[in-house]
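Encoded as structure tokens, the structure appears first; notes follow it.
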Amino acid sequence: MMKGGRVVPVWQKRLLHVCLTMIVVAVFSALVLAPFLLSRNMETADTTAMRNELFELHLGIDALNHALSDWQMARAAGGTPDESLRMQLDERTQLLAHRIGVVLAYPGAVAVLPENAETLERTRDRVSALVSRLDAPAADVVLRDQVASLLAPDLVQLDRYLSDAFRRLGQMTAHDRWQLTRISLYAQRLALFLLLVGVLTLVVLWMQHRVLRRAEASLNTVIGDLAEAQRIAHVGNVRRDYGRDIVTWSPEFARIYGLDPDGHMTGAEFEALLLPADAEKVLESERRALARSVETRAPVRRDLNFRALRSDGEVIELEVQSELKANPDGSPHSMMSTVRDITVEARARRALRESERSLAAAQRIAHLGSFRHNYGTGRTHWSSELYVVLGCDPAEGPKPLRQIVHPDDFGHVQALFTELLKGGPGGGQRQASFDCRVVLPDGTERFIRGTAEMNYDDAGAPETLTGSLQDVTADIEQERALRDALAEAERANTAKSEFLAVMSHELRTPMNGVLGMLGAVEATPLDDRQREQVRVARTSAEALLAILNDVLDMSKIEAGRMELEERSFELRPLIGGVIDLYSESARGKGVVLDARVQDDLPPWITADPLRIRQILANLVSNAVKFTLAGKVTLDVDRAPDRASEDGGLWLRFCVSDTGIGIPVERQQQVFGRFNQLDASYTRRFGGSGLGLAISRSLADLMGGRIGFASTPGRGSSFWLDVRVAPAEPAPDGHAAGTETPLPRLSVLVAEDNATNRLVARSMLQRLGQDVAFAEDGLAALEALSRGGFDLVLMDISMPRMDGIEATRRIRQMTGPQSRLPILALTAHAGAAERTACLDAGCNEVLTKPLELDALRRALQRWLPRGVQAGTPSALPDDAAPGAGLEQRLAALAAQVGPEVMPMLLEASLGDLARHRATLERAAAGQPVDHAVLVRACHSLVGIAATLGLTDAANAARRHETALQAAPAEPGDLAPLLDLIRGTEDALSRAAGAFRPAAETAEP
């Protein structure tokens, strides 16, 4: 027997049963013996009473004997007894008869008295007869004498009889007393036994009470745990007694239905809780279960899900398990049910099914299927859509990877999954994506994009693989179409770029001639009318050139080829130059053009002055253009709400005007391409409509921001915020308006266009240079082969041999002409043309139409070695690597100190020797590591640049670039080796000039 999880010992159970049995036997014995004992007590009491009656009889006999004695004495005295003696004799005779009658009438007297009381009965009869005679009226003395004579012998016999009766009664009394004593002893023993049994029973009952109390506590705990478990599991139980028509329930059932925990209801009320739509289904299931119970004569189980109504009207969903029992006559007996609230679970299942349907629909729409493989069980599951994607039969189940993936792609996919199977982070995941082809059962190839995620257990071993496969055949085909379209668009864009380049060349070439000739004419003596005509023509040409430049700049920005060139410049002269550029136009319209620069701004800053000037020029040009009268102001100040954390400075350039303003409906289009206010404004004010679009792109390129505010009819305010850095004044800066004169050089101009030759001649002669011409590349090679030139201006587009091929041929020459500075001239504005020119060996690219200042600066940058600006001497004939080296080394010594130069030269000679040896091995065809060869060329670039050996640095850089582009081809290293050897000889000769300085510097 289990009570509270503890087993009650068997001996306690047996002892309890024995005690209870003994108590029952004792009680039963007491009930049986009590009547017997009481009867025995009653018999003893009757014997004693009868003895008393016999004693009274004996006294009556004695009294009668005395009366007879008195009567006889009186008669013996010869007299007649008086009335008192007669009365005494009569009374005592009657009393004797009465006493005898009493004794005989006592219950059981006959069985107790000797002789069965026959003597006593005879005596009673004679005495009664005598008494009757004495009662007669004729009774006299004689009669009484006869009575006395008759009674005397009876009294003697009666007295003896009484003695025997007394003796017998005494024996019986003694026996009864002994029996009572024995019975009392038995009763005492029985009482002691019952007392012991009662005490033992009390002990057992006390022990059992403790057990029952613990069992009750355990039972209460179990009941509480059961109730709590039912509450947690949302499971309640309900019992229906069909015979009594009552339904009772557990607390959790009451909570589920919202009922009173201690309540009950009838069967009809219980059935009313069913949702009407499900009521018939539930009742029908009950009828079928009860029918089966009648057949089997045993309870029948029923499982059912249905909906019911709570007491508050809410619909709940239940899962019910019942046992129904029917009576033999077919009537229902009882129903016991467990009820679980599955409302939340059912909603979740419906949501899950809906989610699964949605997922299946999404997979079907996206042509995407999923798979899952469990490495613990070895089971693989495919979604239904995956069978569709792979064209497989679901009845055949998942297929191995080798049967699905195209043989050409199988190795790649297998390697990916093998990598995932090597292990991963404990309890983590690793993902992989792949594209491959699959072969459908009908032989069709499809493109698949897959994603896989491997989940690892705590030890890092593969646990499950989950992934998806999507049919992207249509996407691949679309991508191919897009790539074809992109290639076509790129070809169209290339054609557009080539068209722009051609148009640039075709437009810039005549523009170069127009502007050059107008400049030449403007330099001649002219009267006022002629000078005005030239100015108008030049203004028109410049306006046309500005439009052309806008279109080409936008093309560069679109292609991402616009580059910034940050350098130090002076802020106020730049602002003044922009104002001066449009001051004449403003004055002609009566517009005041002014500029204000805040005093606390640094005079020198670092940024891209060309792009800032371009944006400001555009903003000021527009302000002057759209202001009919009033004022245009360019303000420069610190940008509000903009701060730099790295020491930089944000400036705001703000151009304000009092012009026509911008209509509100057009303000969103201000920075659009080819956009102006409307066609009438375009005709009225002119322009390409690209200026502000270019300005915004340039501002974004510089990391700045451009914006505006405008009120129609009252003017506009455009501002540019750009980050700059304060800078020190440039060390080579010179006063504005002064120009360093160029030395006289011999310049070869290769140009096929007569107009451009005339422009070049005019500009170079104005700069004090000697000029010779060649009509194409072949003529330029012939002229250079004769020597005598210091610099070449090479047009790129020429007949027979273009400038790029001619430059390659020049760089392949031997002798000093191969190292001449070559400045390319081109009307093509694209970066591809610039790169092609530099790769061919040009030192710089100048864009047509050529400007005098740009040409002057280019000539200053590429003065031959040994010729300084301002020196009118010609170029030395010997252009070997050592020419002018002493001057460059002297300038370097002034920077680093003369005492350092011997060590610097020694280190340079050692590095040159080491790198020359590397190049010599490569030139001889010996195996040299490609990376070592590239590092050698790169180091030569640094050494030559440090020593100011431009030709050697350029040659080394070209070889470095070529090696990086074509690792397997070292190229012709002989020219570079010649330059290195000549440099080594020149450095060895020049090193002696610095040794005395170093020796004197020693302590």
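Residues are referred to by chain and number: the chain letter is A, B, ... according to the order shown in the structure tokens, the number counts from 1 in that chain, and ligands are numbered separately from 1 in the order shown.
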
(message) I'd like the contact shell of A:Ala308 - 7 Å cut-off, only C-alpha atoms, skipping same-chain residues fewer than 5 positions apart - returned as a VMD selection string.
(response) chain A and resid 273 to 275 315 to 317

(request) Find the residues near stretch 971-973 of chain A: any atom within 8 Å, counting only C-alpha atoms, skip ones fewer than 3 places away on the same chain, and give them as a count of residues only. (result) 7

(request) Check stretch 781-851 of chain A with DSSP on the backbone and list each residue it calls alpha helix (DSSP H), as a ChimeraX atom specification. (result) /A:781-786,803-811,831-840

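Of the residues under consideration (A:Val792, A:Ser355, A:Ser785, A:Val632), A:Val792 shows the shortest atom-to-atom contact distance to A:Val771 when counting only C-alpha atoms.
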
(message) Would you compute the distance between atom CA of A:Ala955 and atom CA of A:Glu984? Give it in Å to one decimal.
(response) 15.6 Å

(message) Could you go through stretch 120-301 of chain A and tell me which residues DSSP, when run on the backbone, assigns to strand (DSSP E or B), listing them as an NGL selection string?
(response) :A and (235-241 or 246-249 or 265 or 274 or 300-301)

Please produce an output containing C-alpha atoms for each residue in the selection, written as a compact mmCIF listing (two decimals), in the first residue's frame.
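Written file, part.txt:
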# COMPACT_ATOMS: atom_id res chain seq x y z
CA VAL A 235 -6.09 19.95 -18.59
CA GLY A 236 -9.20 19.49 -16.50
CA ASN A 237 -11.42 16.54 -15.80
CA VAL A 238 -15.19 16.24 -15.71
CA ARG A 239 -17.56 13.40 -14.66
CA ARG A 240 -21.11 12.94 -15.78
CA ASP A 241 -23.45 10.62 -13.90
CA ILE A 246 -25.32 15.51 -12.51
CA VAL A 247 -22.03 16.81 -13.90
CA THR A 248 -19.07 17.60 -11.61
CA TRP A 249 -15.62 18.91 -12.52
CA MET A 265 -24.88 21.21 -13.35
CA LEU A 274 -21.15 23.05 -26.74
CA VAL A 300 -15.24 2.65 -24.32
CA ARG A 301 -12.59 5.32 -25.03

(message) As an exercise, work out the distance from atom CA of A:Phe253 to atom CA of A:Ala348 in Å and give it to one decimal place.
(response) 22.0 Å

Contacts between stretch 284-293 of chain A and stretch 335-413 of chain A, please, where a residue of stretch 335-413 of chain A counts if it comes within 12 Å (with only C-alpha atoms); show its shortest atom pair and distance in Å to one decimal, rows by chain and ascending number, as a tab-separated table.
residue	atom	partner	partner_atom	distance
A:Met335	CA	A:Glu286	CA	9.1
A:Met336	CA	A:Glu286	CA	11.7
A:Ser337	CA	A:Glu286	CA	11.6

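Checking A:Arg491, A:Thr21, A:Asp278, A:Arg182 one by one against A:Thr201, counting only C-alpha atoms, you find the shortest gap at A:Thr21.
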
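For the pair atom CA of A:Glu453 and atom CA of A:Gln431, the interatomic distance is 4.3 Å.
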
For stretch 422-449 of chain A versus stretch 383-394 of chain A, which residues have an atom no more than 10 Å away, and what is each residue's nearest atom pair and distance in Å rounded to one decimal, using only C-alpha atoms, chain-then-number order, as JSON lines?
{"residue": "A:Val438", "atom": "CA", "partner": "A:Leu390", "partner_atom": "CA", "distance": 7.5}
{"residue": "A:Val439", "atom": "CA", "partner": "A:Leu390", "partner_atom": "CA", "distance": 7.9}
{"residue": "A:Leu440", "atom": "CA", "partner": "A:Gly391", "partner_atom": "CA", "distance": 5.6}
{"residue": "A:Pro441", "atom": "CA", "partner": "A:Gly391", "partner_atom": "CA", "distance": 6.5}
{"residue": "A:Asp442", "atom": "CA", "partner": "A:Gly391", "partner_atom": "CA", "distance": 8.3}
{"residue": "A:Thr444", "atom": "CA", "partner": "A:Gly391", "partner_atom": "CA", "distance": 9.5}
{"residue": "A:Glu445", "atom": "CA", "partner": "A:Leu390", "partner_atom": "CA", "distance": 9.9}
{"residue": "A:Arg446", "atom": "CA", "partner": "A:Leu390", "partner_atom": "CA", "distance": 8.5}
{"residue": "A:Ile448", "atom": "CA", "partner": "A:Val389", "partner_atom": "CA", "distance": 9.0}

(message) Given only C-alpha atoms as the basis, pick out the residue of A:His367, A:His234, A:His175, A:Arg310 nearest to A:Thr338.
(response) A:His234
